[in-house]
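The next block holds one structure in the form of structure tokens; read it before the comments.
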Amino acid sequence: MSPLILPAAPGALDSDTQVFVLVGFLALVIPILFVCVLSGPERDRINDFYTAGRRLKPLRGALVLSGVYLPAAVVLGTTGSVAVFGYDGLFVALCTVLSLGVLLLLARPLREHAGYTLGDTFALRAPGPGARIAAAVVTLSVCVPVLVVQLSGAGVTTTALLGVTGPGPEKTAIVMIGALVVCATVFGGMRGAVVIQLMKTLVLLGAALTVAAVLLHRFHWSADALIDAAGQGSGRPAGYLRPGLRFAASNDLEGTLDFIGLVITVVLGVACLPHVAMQLGTASDGATARRTVRHTIGIVGAFCIAVALMGFAGAALVGAPAILTADPGANSTLLLLTGELAGGSSTHTNGALLVVLVSCAVFLTTLAAVASITLAAAGAIAHDLYTQALRRGRTTEGREVAAARLASAGVGILSILLAVWVQGWNVLFLTTLSLAVAASCLLPALVYSLFWSGYTRSGLLWTLYGGLGCTGGLQVSSPVFSGTPSALFPEWHLDWFPLETVVLLSIPAGFLFGWLGSVVGRQDGKGGQGGSGRPRTRREPQVTEHDRSA
């Protein structure tokens, strides 16, 4: 990365300023993590560990859900997309808000039929261990790749903050950050995740508004001047505000289909992520969940406007060619912009404070995202696999919470090892893969489970396993996996599928598998629950033997 514009790279800030930035960073982040751990449940109650007691009010819940909806992929990736691809990046930012519209439609029925995991929701339609095992497999298939990408990116960002580069420091940073998140999740549970998401949202909004104000002041509060300068800085002023730059290397048809597929992936995939559904479970009832999502739309919409401004400013002040030279994925755009606004090597106190604020926001964004995703994965292992599938519900609350803590540690350690192993690889496509799996497996399963009375156990299993196999097979056969210079394995040639995004085929396949499995299951008399009306409304999942000594 360029030492002239990356804010924490050697030479970008003088040594005294770097020390000031590091001290300010630690002074803000460490107390937040400490409060997160102390906020954990006082007793080993599964309701507290998984849902924070289901007592979040709409406004507070909206701040927390906004934090869940604004991971590093949005904060860093979308800012870079706007800076480099202009119109296409703006549309991706809009898709994040549109995804909340999908969640708004699902919020009430999903909360009314919610347990602690998606497996609880599916079990209302298809009781038995098979549905829970399938739900856990898909949940882990969604969560683990995202965790690897988040930790891998966190290593790069943290070493940039500390002013060091190289594989060794990045891997060390991954281990340290992963260990912090594991501790926060193990001891804090959902209560700790709520605290860190709440603080992350407040710090992130503060940083975004501050950066937006500084850059607008630089352009005399003229949005037109900012956009004109962004077009010039992009290197492609004629096409910057026209669709098509993101997939310009493809032919017209493939590029158009890829862009449509990307939009569908974001809109439908994000709304069905397991940790998003788990966060809805913290609301007291379905009406509260809907109000929470409505408030979240306003918060996320405001942030996306700030993201658009920061992306334009990145193109105008840093330049798209310089961004791509420093980071081909353009994920460093926000850091590069912050360094430029702070004054580079001549950074003054106000500039250093700006760097501290943005660095803390980015770091907390990664921590919060990893904590929420880890908790969702741990819930699938401890609640669906251990308590329900293996123990058939015959366990105590204390033992299940202990299993959830161990699962959190196990998922965290596995993700750390994988992130260290793939450090330096181009693994960004794993985020798209996770969203595609969520949209192709979990969306059809949720829609059918909540709204189709003819959905059966066979249909559910066909949806989850068939959608997962279809999505994985198509993604492995796509240009992002092999056969192109930017692929994960450029020297391999498995890329018979021409599109980078797979949901145009995998989502219809998921719905088709669900319908076909339900029809075949009913004909064979093995459909399980189904055809008997809407699924039962869940009051509260319980383990069969309570820990009465708690």
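So you can find residues: chains in the structure tokens are A, B, ... in the order shown, residues in each start at 1, and ligands are numbered from 1 in order.
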
Which polymer residues have any atom within 8 Å of an atom of Gly261 in chain A, counting only C-alpha atoms, with same-chain residues fewer than 4 positions away left out, as a PyMOL selection string?
chain A and resi 257+265+501-504

So which residues touch Gly412 in chain A within 9 Å, counting only C-alpha atoms, skipping near sequence neighbours fewer than 5 positions away, as a ChimeraX atom specification?
/A:147,178-179,181-182,370,374,407,417

Which residues are near Gly155 in chain A? Cut-off 6 Å, only C-alpha atoms, ignore same chain within fewer than 5 positions. Put them as a ChimeraX atom specification.
/A:170,173-174

Spatial neighbours of range 225-230 of chain A, max dist 8 Å, only C-alpha atoms, sep filter under 3 positions, as a PyMOL selection string:
chain A and resi 83+216+219+222+233-234+312-317+319

Give me, as CSV, the closest atom pair and its distance (Å, one decimal) for every residue of range 249-338 of chain A within a cut-off of 10 Å of range 375-393 of chain A, counting only C-alpha atoms, rows sorted by chain and rising number.
```
residue,atom,partner,partner_atom,distance
A:Leu273,CA,A:Ala376,CA,9.4
A:Pro274,CA,A:Ala376,CA,6.2
A:His275,CA,A:Ala376,CA,5.2
A:Val276,CA,A:Ala376,CA,8.9
A:Ala277,CA,A:Ala376,CA,9.1
A:Met278,CA,A:Ala376,CA,6.8
A:Gln279,CA,A:Ala376,CA,9.2
```

Convert the current residue selection to file output with all heavy atoms, as a PDB file, in the first residue's frame.
```pdb
ATOM      1  N   LEU A 273     -29.622 -13.745   6.590  1.00  0.00           N
ATOM      2  CA  LEU A 273     -28.449 -14.228   7.316  1.00  0.00           C
ATOM      3  C   LEU A 273     -28.845 -14.713   8.708  1.00  0.00           C
ATOM      4  O   LEU A 273     -29.692 -14.105   9.370  1.00  0.00           O
ATOM      5  CB  LEU A 273     -27.410 -13.117   7.422  1.00  0.00           C
ATOM      6  CG  LEU A 273     -26.692 -12.742   6.125  1.00  0.00           C
ATOM      7  CD1 LEU A 273     -25.820 -11.511   6.325  1.00  0.00           C
ATOM      8  CD2 LEU A 273     -25.859 -13.914   5.605  1.00  0.00           C
ATOM      9  N   PRO A 274     -28.249 -15.791   9.204  1.00  0.00           N
ATOM     10  CA  PRO A 274     -28.652 -16.345  10.505  1.00  0.00           C
ATOM     11  C   PRO A 274     -28.522 -15.369  11.661  1.00  0.00           C
ATOM     12  O   PRO A 274     -29.386 -15.337  12.548  1.00  0.00           O
ATOM     13  CB  PRO A 274     -27.704 -17.542  10.676  1.00  0.00           C
ATOM     14  CG  PRO A 274     -27.334 -17.937   9.287  1.00  0.00           C
ATOM     15  CD  PRO A 274     -27.275 -16.656   8.507  1.00  0.00           C
ATOM     16  N   HIS A 275     -27.465 -14.556  11.681  1.00  0.00           N
ATOM     17  CA  HIS A 275     -27.309 -13.645  12.808  1.00  0.00           C
ATOM     18  C   HIS A 275     -28.277 -12.470  12.730  1.00  0.00           C
ATOM     19  O   HIS A 275     -28.604 -11.872  13.759  1.00  0.00           O
ATOM     20  CB  HIS A 275     -25.860 -13.150  12.926  1.00  0.00           C
ATOM     21  CG  HIS A 275     -25.354 -12.409  11.736  1.00  0.00           C
ATOM     22  ND1 HIS A 275     -25.069 -13.017  10.536  1.00  0.00           N
ATOM     23  CD2 HIS A 275     -25.053 -11.098  11.554  1.00  0.00           C
ATOM     24  CE1 HIS A 275     -24.624 -12.127   9.677  1.00  0.00           C
ATOM     25  NE2 HIS A 275     -24.611 -10.951  10.266  1.00  0.00           N
ATOM     26  N   VAL A 276     -28.777 -12.151  11.525  1.00  0.00           N
ATOM     27  CA  VAL A 276     -29.826 -11.139  11.409  1.00  0.00           C
ATOM     28  C   VAL A 276     -31.130 -11.668  11.984  1.00  0.00           C
ATOM     29  O   VAL A 276     -31.819 -10.987  12.755  1.00  0.00           O
ATOM     30  CB  VAL A 276     -30.011 -10.718   9.931  1.00  0.00           C
ATOM     31  CG1 VAL A 276     -31.223  -9.807   9.785  1.00  0.00           C
ATOM     32  CG2 VAL A 276     -28.761 -10.014   9.418  1.00  0.00           C
ATOM     33  N   ALA A 277     -31.487 -12.906  11.625  1.00  0.00           N
ATOM     34  CA  ALA A 277     -32.690 -13.523  12.185  1.00  0.00           C
ATOM     35  C   ALA A 277     -32.573 -13.685  13.692  1.00  0.00           C
ATOM     36  O   ALA A 277     -33.548 -13.481  14.430  1.00  0.00           O
ATOM     37  CB  ALA A 277     -32.923 -14.878  11.519  1.00  0.00           C
ATOM     38  N   MET A 278     -31.388 -14.023  14.172  1.00  0.00           N
ATOM     39  CA  MET A 278     -31.188 -14.181  15.616  1.00  0.00           C
ATOM     40  C   MET A 278     -31.352 -12.857  16.335  1.00  0.00           C
ATOM     41  O   MET A 278     -31.891 -12.799  17.444  1.00  0.00           O
ATOM     42  CB  MET A 278     -29.788 -14.754  15.871  1.00  0.00           C
ATOM     43  CG  MET A 278     -29.565 -15.296  17.261  1.00  0.00           C
ATOM     44  SD  MET A 278     -27.953 -16.109  17.401  1.00  0.00           S
ATOM     45  CE  MET A 278     -28.127 -16.931  18.980  1.00  0.00           C
ATOM     46  N   GLN A 279     -30.912 -11.775  15.698  1.00  0.00           N
ATOM     47  CA  GLN A 279     -31.052 -10.457  16.319  1.00  0.00           C
ATOM     48  C   GLN A 279     -32.513 -10.058  16.437  1.00  0.00           C
ATOM     49  O   GLN A 279     -32.909  -9.405  17.409  1.00  0.00           O
ATOM     50  CB  GLN A 279     -30.281  -9.418  15.503  1.00  0.00           C
ATOM     51  CG  GLN A 279     -30.147  -8.064  16.176  1.00  0.00           C
ATOM     52  CD  GLN A 279     -29.426  -8.162  17.495  1.00  0.00           C
ATOM     53  OE1 GLN A 279     -28.319  -8.694  17.570  1.00  0.00           O
ATOM     54  NE2 GLN A 279     -30.049  -7.688  18.563  1.00  0.00           N
TER      55      GLN A 279
END
```

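Residue nearest Gly77 in chain A, chosen from A:Ala93, A:Leu336, A:Val420, A:Leu100 and counting only C-alpha atoms: A:Ala93.
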
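Shortest separation to Ala134 in chain A among A:Gly101, A:Pro485, A:Gly424, A:Gly459 occurs at residue A:Gly459, atoms counted being only C-alpha atoms.
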
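Of the residues under consideration (A:Pro71, A:Gly89, A:Gly188, A:Gly469), A:Gly89 shows the shortest atom-to-atom contact distance to Leu262 in chain A when counting only C-alpha atoms.
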
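Atom pair CA of Phe91 in chain A / CA of Ala371 in chain A has a distance of 28.1 Å (rounded to one decimal).
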
Env of Arg108 in chain A: 10 Å cut, atoms = only C-alpha atoms, seq-sep filter 6 positions within chain, self excluded. Answer as a list of chain:residue names.
A:Ala114, A:Leu280, A:Asp285, A:Gly286, A:Ala287, A:Thr288, A:Ala289, A:Arg290, A:Arg291, A:Val293

So that I have them on file, write out the residues from the current selection with N, CA and C atoms, as a CSV table (one decimal), in the first residue's frame.
```
chain,number,residue,atom,x,y,z
A,114,ALA,N,-40.2,-17.5,16.1
A,114,ALA,CA,-38.8,-17.6,16.4
A,114,ALA,C,-38.5,-18.3,17.7
A,280,LEU,N,-33.3,-10.4,15.5
A,280,LEU,CA,-34.8,-10.1,15.6
A,280,LEU,C,-35.4,-10.8,16.8
A,285,ASP,N,-41.9,-9.0,20.8
A,285,ASP,CA,-43.0,-9.6,20.0
A,285,ASP,C,-42.8,-9.2,18.6
A,286,GLY,N,-43.8,-9.7,17.7
A,286,GLY,CA,-43.7,-9.4,16.3
A,286,GLY,C,-43.9,-7.9,16.0
A,287,ALA,N,-44.8,-7.2,16.7
A,287,ALA,CA,-45.0,-5.8,16.4
A,287,ALA,C,-43.8,-5.0,16.7
A,288,THR,N,-43.1,-5.3,17.8
A,288,THR,CA,-41.9,-4.7,18.2
A,288,THR,C,-40.8,-4.9,17.1
A,289,ALA,N,-40.7,-6.1,16.6
A,289,ALA,CA,-39.7,-6.5,15.6
A,289,ALA,C,-39.9,-5.6,14.4
A,290,ARG,N,-41.2,-5.4,13.9
A,290,ARG,CA,-41.5,-4.6,12.8
A,290,ARG,C,-41.1,-3.1,13.0
A,291,ARG,N,-41.4,-2.6,14.2
A,291,ARG,CA,-41.0,-1.2,14.5
A,291,ARG,C,-39.5,-1.1,14.5
A,293,VAL,N,-37.3,-2.8,12.7
A,293,VAL,CA,-36.8,-2.8,11.4
A,293,VAL,C,-37.1,-1.4,10.7
```

Find the residues near Leu110 in chain A: any atom within 12 Å, counting only C-alpha atoms, skip ones fewer than 3 places away on the same chain, and give them as JSON, numbers by chain.
{"A": [102, 103, 104, 105, 106, 107, 113, 114, 115, 116, 117, 118, 120, 121, 122, 124, 271, 272, 274, 276, 277, 278, 279, 280, 281, 282, 283, 285, 286, 287, 288, 289, 290, 443, 445, 446, 447, 448, 449, 450, 451, 535, 536, 537, 538]}

For the residues in that selection, give me N, CA and C atoms as a compact mmCIF listing (two decimals), in the first residue's frame.
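Here's the written file part_2.txt:
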```txt
# COMPACT_ATOMS: atom_id res chain seq x y z
N VAL A 102 -37.11 -6.25 2.56
CA VAL A 102 -37.42 -7.68 2.60
C VAL A 102 -37.54 -8.15 4.04
N LEU A 103 -36.62 -7.70 4.89
CA LEU A 103 -36.67 -8.09 6.30
C LEU A 103 -37.93 -7.56 6.97
N LEU A 104 -38.40 -6.39 6.55
CA LEU A 104 -39.63 -5.84 7.12
C LEU A 104 -40.83 -6.75 6.84
N LEU A 105 -40.85 -7.35 5.66
CA LEU A 105 -41.94 -8.27 5.32
C LEU A 105 -41.87 -9.56 6.15
N LEU A 106 -40.66 -9.98 6.49
CA LEU A 106 -40.49 -11.22 7.23
C LEU A 106 -40.48 -11.03 8.74
N ALA A 107 -40.31 -9.79 9.21
CA ALA A 107 -40.02 -9.55 10.63
C ALA A 107 -41.09 -10.11 11.56
N HIS A 113 -42.64 -16.84 15.18
CA HIS A 113 -42.29 -18.25 15.13
C HIS A 113 -40.82 -18.47 15.49
N ALA A 114 -40.22 -17.50 16.12
CA ALA A 114 -38.78 -17.58 16.41
C ALA A 114 -38.53 -18.34 17.69
N GLY A 115 -37.45 -19.09 17.67
CA GLY A 115 -36.92 -19.69 18.88
C GLY A 115 -35.60 -19.03 19.19
N TYR A 116 -34.58 -19.84 19.30
CA TYR A 116 -33.24 -19.31 19.51
C TYR A 116 -32.40 -19.36 18.24
N THR A 117 -32.75 -20.26 17.34
CA THR A 117 -32.02 -20.42 16.08
C THR A 117 -33.03 -20.61 14.95
N LEU A 118 -32.52 -20.62 13.72
CA LEU A 118 -33.39 -20.91 12.59
C LEU A 118 -33.90 -22.35 12.65
N ASP A 120 -35.04 -23.81 15.23
CA ASP A 120 -36.30 -23.78 15.99
C ASP A 120 -37.47 -23.39 15.10
N THR A 121 -37.25 -22.41 14.23
CA THR A 121 -38.31 -21.99 13.31
C THR A 121 -38.69 -23.10 12.35
N PHE A 122 -37.70 -23.78 11.78
CA PHE A 122 -37.98 -24.86 10.85
C PHE A 122 -38.61 -26.06 11.56
N LEU A 124 -40.84 -26.12 13.77
CA LEU A 124 -42.28 -25.98 13.91
C LEU A 124 -43.02 -26.63 12.75
N ALA A 271 -30.91 -10.18 4.17
CA ALA A 271 -32.12 -10.26 5.01
C ALA A 271 -32.28 -11.62 5.65
N CYS A 272 -31.64 -12.66 5.10
CA CYS A 272 -31.83 -14.03 5.60
C CYS A 272 -30.61 -14.57 6.32
N PRO A 274 -28.25 -15.79 9.20
CA PRO A 274 -28.65 -16.35 10.50
C PRO A 274 -28.52 -15.37 11.66
N VAL A 276 -28.78 -12.15 11.52
CA VAL A 276 -29.83 -11.14 11.41
C VAL A 276 -31.13 -11.67 11.98
N ALA A 277 -31.49 -12.91 11.63
CA ALA A 277 -32.69 -13.52 12.18
C ALA A 277 -32.57 -13.68 13.69
N MET A 278 -31.39 -14.02 14.17
CA MET A 278 -31.19 -14.18 15.62
C MET A 278 -31.35 -12.86 16.33
N GLN A 279 -30.91 -11.77 15.70
CA GLN A 279 -31.05 -10.46 16.32
C GLN A 279 -32.51 -10.06 16.44
N LEU A 280 -33.34 -10.43 15.47
CA LEU A 280 -34.77 -10.15 15.57
C LEU A 280 -35.39 -10.82 16.79
N GLY A 281 -34.81 -11.92 17.22
CA GLY A 281 -35.32 -12.63 18.39
C GLY A 281 -35.16 -11.87 19.68
N THR A 282 -34.40 -10.77 19.68
CA THR A 282 -34.26 -9.98 20.91
C THR A 282 -35.44 -9.06 21.13
N ALA A 283 -36.32 -8.91 20.13
CA ALA A 283 -37.52 -8.09 20.30
C ALA A 283 -38.55 -8.86 21.13
N ASP A 285 -41.89 -8.98 20.79
CA ASP A 285 -42.97 -9.59 20.02
C ASP A 285 -42.85 -9.18 18.56
N GLY A 286 -43.79 -9.67 17.73
CA GLY A 286 -43.72 -9.39 16.30
C GLY A 286 -43.90 -7.93 15.96
N ALA A 287 -44.81 -7.24 16.66
CA ALA A 287 -45.02 -5.82 16.39
C ALA A 287 -43.77 -5.01 16.71
N THR A 288 -43.11 -5.34 17.82
CA THR A 288 -41.87 -4.65 18.18
C THR A 288 -40.78 -4.92 17.15
N ALA A 289 -40.74 -6.13 16.64
CA ALA A 289 -39.74 -6.46 15.62
C ALA A 289 -39.95 -5.62 14.36
N ARG A 290 -41.20 -5.43 13.94
CA ARG A 290 -41.47 -4.60 12.76
C ARG A 290 -41.08 -3.14 13.01
N LEU A 443 -33.80 -18.39 2.45
CA LEU A 443 -34.97 -17.64 1.99
C LEU A 443 -36.11 -18.56 1.54
N ALA A 445 -36.64 -21.66 2.35
CA ALA A 445 -37.10 -22.43 3.51
C ALA A 445 -37.96 -21.57 4.43
N LEU A 446 -37.57 -20.32 4.64
CA LEU A 446 -38.36 -19.43 5.51
C LEU A 446 -39.70 -19.09 4.86
N VAL A 447 -39.69 -18.74 3.58
CA VAL A 447 -40.93 -18.38 2.90
C VAL A 447 -41.91 -19.54 2.92
N TYR A 448 -41.43 -20.72 2.56
CA TYR A 448 -42.31 -21.89 2.56
C TYR A 448 -42.77 -22.24 3.98
N SER A 449 -41.86 -22.20 4.95
CA SER A 449 -42.22 -22.57 6.32
C SER A 449 -43.25 -21.63 6.92
N LEU A 450 -43.14 -20.35 6.61
CA LEU A 450 -44.01 -19.35 7.23
C LEU A 450 -45.32 -19.16 6.47
N PHE A 451 -45.33 -19.42 5.16
CA PHE A 451 -46.49 -19.01 4.36
C PHE A 451 -47.15 -20.13 3.54
N PRO A 535 -47.62 -22.98 10.53
CA PRO A 535 -46.88 -23.56 11.64
C PRO A 535 -47.33 -22.97 12.96
N ARG A 536 -47.19 -23.75 14.00
CA ARG A 536 -47.60 -23.29 15.31
C ARG A 536 -46.79 -22.07 15.74
N THR A 537 -47.45 -21.13 16.40
CA THR A 537 -46.74 -19.97 16.93
C THR A 537 -45.97 -20.39 18.17
N ARG A 538 -44.69 -20.05 18.19
CA ARG A 538 -43.84 -20.46 19.29
C ARG A 538 -43.90 -19.43 20.40
```

Set the distance at 12 Å and use only C-alpha atoms: which residues neighbour Val82 in chain A once local chain neighbours fewer than 4 positions away are removed? I'd like the list as a ChimeraX atom specification.
/A:74-78,86-94,227,230-231,234,240-243,245-246,304-316,319-320,323,330-331,333-334

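For the pair CA of Ala302 in chain A and CA of Thr210 in chain A, the separation is 13.2 Å.
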